[in-house]
Amino acid sequence: MRKILSLIILMCFVSLMQELQAQTRMVRGKVFSEDDPMGLPGAAVLVKGTTVGTVTDMNGEFSLDVPAGRNILVISFIGMRSQEVNIANRDEVNITLKSDDTDLSEIIVTGTRVGARSRIDSPVPVDIIPVSEVIDAVGQIDLNQILTYIAPSFQSSRQTISDGTDHMDPAQLRGLGTDQVLVLVNGKRRHQSALVNVNGTVNRGQVGTDLNAIPANAVEKIEILRDGAAAQYGSDAIAGVINIVLKKTEGISGNVAAGTHVTRFQRDYVINGGEDTFASVRDGDMVSAALNYGLKIGQEGFLNVTGEYSRRGYTNRSGTYTGQIFPLVNGQNVDEEELVARGLTRQDFDMRIGNSAINSGGIMLNFSLPLKNGMELYSFGGYNNKRGNAAGFYRYPNAVPAAARANVFQVYPNGFLPEINTDISDIANTLGLTGNLGSWRFDLSNTYGQNIFDFLITNSVNYTQAISTPNFQREFDAGGLNFLQNVVNFDVARKYDVLAGLNVAAGSEFRVERFGIRQGEESSYRNFDPNSGVAAGAQVFPGFAPSTAGTWTRNNIGLYLDLEQEFTEKLNVAGALRFENYSDFGSTLNYKLASRYKITDGFVLRGSTSTGFRAPSMQQRFYSRVNTLFVTLPGQGLVPVEAGTFRNDSEPAQILGIPTLQQETSRSFTLGTTLQPVNNLEITIDAYQIDIDDRIVLTNNFTAGGDPVLAEKLRAANANTANFFTNAIDTRARGIETVITYNLFFRNNSKLNLILAGTFIDNSVKKDADGNPIIKASPILEQTGQIGNYFNREDQSRIEVANPRDKVSFMANYNIGKFTFMYRAVRFGQVVFLDPTMGPDPATWPVNTLTGQRETLDQTFSPKVVTDVTVSYKLTDNMRLNIGANNLFDVYQDVHTHSGNFSLGRFVYSRRVQQMGFNGRFIFARLNFNF
């Protein structure tokens, strides 16, 4: 019966394929250029609204199977003006393309208010990532990872054992902060996440925008402006701007995909001459599905809707724990006897070090409706929800407080691995009206965005509750974070016939931001036994206490003027001036000047200079999370104290002399060139320098530092140790970025696209004559010797060397017939870990517990090359199958080579520095369809 059923299904499938192939018609034609009547080889011919296309042969001729219902061909060639040709009731066409400088490269809207400018004419560097094209050929399914492997200046690595940051990947541009890049969607400001990264990741103390909340299948392209643009767009645009352009296409398209990690990794690393052990695993299973539907409304309107779902399993690359597991008995270690008695091995006490598990689903829409008198109503936005699961450090039985062991061991006899679960909702919508007011073009819009980040702690315990309660709670609502942003924009623009053209743009922006902390349930933070001396709150993530909960609001208004003058066809000069006033810290005025000069059509020089700013985020101003600790004080016995992150305007901050939080300011310079020495070859080279003053950091923990008067003041404020957000340092970022693209067309109608891109970064904290970082610390902290707590060596490394200082990528895409082959190699440069405890004198360095020798705890991790390959086959005109591997050769970053970062064997790979993650080979298959 099964054989008969399988035969019937096979016959139906074959019939369906034949039917789909029959629903096409053959169209032939020839493409000419106005300068060459013999025929134009290598011209691209595409059926509009589909991925069906071909290129002309050496005689300029082509033949193409056109799907039923499709009647428009788009013919293009670099340096020529693209044409759309109606082929209704026609089986043969001839087309002549005309020269047009504006088609030398893609059209951009980021970094200019002219309306639309070719990329080569832009006075500032802009990368264009055609997401709708590349997503089918790569294994990554989210925007952060796609951009990391395509755009060299962009870097995002998944974090591990870092609380909420496990569930939202921080991203950087030019090695600067995740909050120093502005994200736009269709040119409108995107809201940030509610989460502030307070753990020990490379973006500690910063707030980012969750790019992964936007379905990748909803995106047509991404424009990355690699230049300071605060004078044009406002706060955050110090490193640059990422503009996500949503799809407008018609028809139905989508994909289904599945993949998994198949890898062999170094599980244990033995320093003292023993053999390394390796483990072969398959984990981190991924499945995803996406559907995009677009329809035309009237003559020029459209509605495009995308739905997307993905599920990612967790990965684990932990080593074998070598420390003590069970409590001592009569002062003796009984681990080995207990393991045998319980039928366990040390591998049964594994941590989870790797990707968190994520279930994500969302919808995105893009809408435009033309009205009368040249008006247009538009809207775009969406909803996304992510459910994440990550783990903290394993709580070994030995670490359970003695007072709570009797009851805890009844439930967790072998200890426990507490888990952090997140529920993250992201909501956004823009509604706008654009049209003409006399000679002016106007745009009025309202953009709303909100991010809700809730925490649920499972497989955990509040030790103070377990002391006296056998049936203690194991699941805790730890509270959450909420960030809301609403922006009203009004922009006008007009072009004057002055010389070759003067474009004038002006506008205003009113923005309201709200940040809130929701307290957790009482058992997540409460101390049930104040006399026990045991730390209170849910293990791994104590809930937000009532003292930290609340809602805070601020607003700001911005005004800008933007001028672009075309003096001649060769010379362009642009300038912008922007004023902003914030309700919580005052005003700022910034400018930008940029120019482009065409020496020849294939040789362009460009440069810019600007000032910029970044307002302290609401999260940095109002985030606080305080835990109650019990310490023994002279003459007072056991005393409860508050320790944790306090607000910058809190009483402990005032006691320690922490200055009031202010905006970061910047000065930026860029100089570059675009070269087109031969047809189909483009080279861009840009150098930059960005100086940032009063950069905001999250300090380390401060104490009284041995000062009895200061100690008394802190005790009066119920604080023993505290850290804060503050303007601590000045930094300088320098770098060179280059992109080389080359397209080759062959006689057999095949095509080869080559891209070589690289970025070379030198970021540094400004230092004194002795080479020490200049830290803007308060006199009180200087007097108590706590400068190192303000900003230490590890903090310095996060800015200077914890991210790759160089990244080079090479990508080749070859198409022949129904096959497409993609090869990509990305070289991630070295990264360095600087240990915060190290001093300049080797005699003070720690002794390696395995070798007995004094050694530095710093470590340099060597460069690594990650190779991706994909093979794609066109099953029909409407369906394509892709099979590939990311990290084909299973490359890992270097393992730890010192005991200080080895962490008793658990961390074979560093969680403090990340080149490209440490998950190993990932194989995948994806079926794409387009109707």
# chains A, B, ... in the order shown; residues from 1 in each chain; ligands from 1
$ residues_around --residues "A:Tyr321" --least-positions-apart "5" --cutoff "10 Å" --atoms "only C-alpha atoms" --output "number ranges by chain"
A: 268, 346-351, 394, 903-907
$ residues_around --residues "A:Phe541" --least-positions-apart "2" --cutoff "9 Å" --atoms "only C-alpha atoms" --output "MDAnalysis selection string"
chainID A and resid 163 392 418:420 455 457 478 524 537:539 543
$ select_by_dssp --residues "stretch 608-724 of chain A" --states "strand (DSSP E or B)" --output "number ranges by chain"
A: 608-614, 625-633, 637-645, 664-675, 681-698, 702, 719-723
$ closest_atom_pairs --of "stretch 684-764 of chain A" --to "stretch 223-239 of chain A" --cutoff "12 Å" --atoms "only C-alpha atoms" --output "tab-separated table"
residue	atom	partner	partner_atom	distance
A:Ile685	CA	A:Arg226	CA	11.7
A:Asp686	CA	A:Arg226	CA	9.2
A:Ala687	CA	A:Asp227	CA	10.3
A:Tyr688	CA	A:Asp227	CA	8.2
A:Gln689	CA	A:Asp227	CA	9.8
A:Ile690	CA	A:Ala239	CA	7.9
A:Asp691	CA	A:Ile238	CA	9.6
A:Ile692	CA	A:Ile238	CA	8.5
A:Asp693	CA	A:Ile238	CA	11.5
A:Arg695	CA	A:Ile238	CA	11.6
A:Arg732	CA	A:Ala239	CA	11.6
A:Ala733	CA	A:Ala239	CA	9.4
A:Arg734	CA	A:Ala239	CA	11.1
A:Gly735	CA	A:Arg226	CA	11.2
A:Ile736	CA	A:Arg226	CA	11.0
A:Glu737	CA	A:Arg226	CA	9.3
A:Thr738	CA	A:Arg226	CA	11.4
A:Thr759	CA	A:Arg226	CA	11.3
$ closest_residue --among "A:Ser508, A:Asn144, A:Phe409, A:Asn723" --to "A:Arg647" --atoms "only C-alpha atoms"
A:Asn723
$ closest_residue --among "A:Phe393, A:Glu133, A:Thr674, A:Phe483" --to "A:Thr209" --atoms "only C-alpha atoms"
A:Phe483
$ select_by_dssp --residues "stretch 359-472 of chain A" --states "alpha helix (DSSP H)" --output "list in words"
Arg405, Ala406, Asn407, Val408, Phe409, Gln410, Val411, Tyr463, Thr464, Gln465 and Ala466 of chain A
$ closest_residue --among "A:Ser288, A:Ser318, A:Asn701, A:Thr148" --to "A:Asn720" --atoms "only C-alpha atoms"
A:Asn701
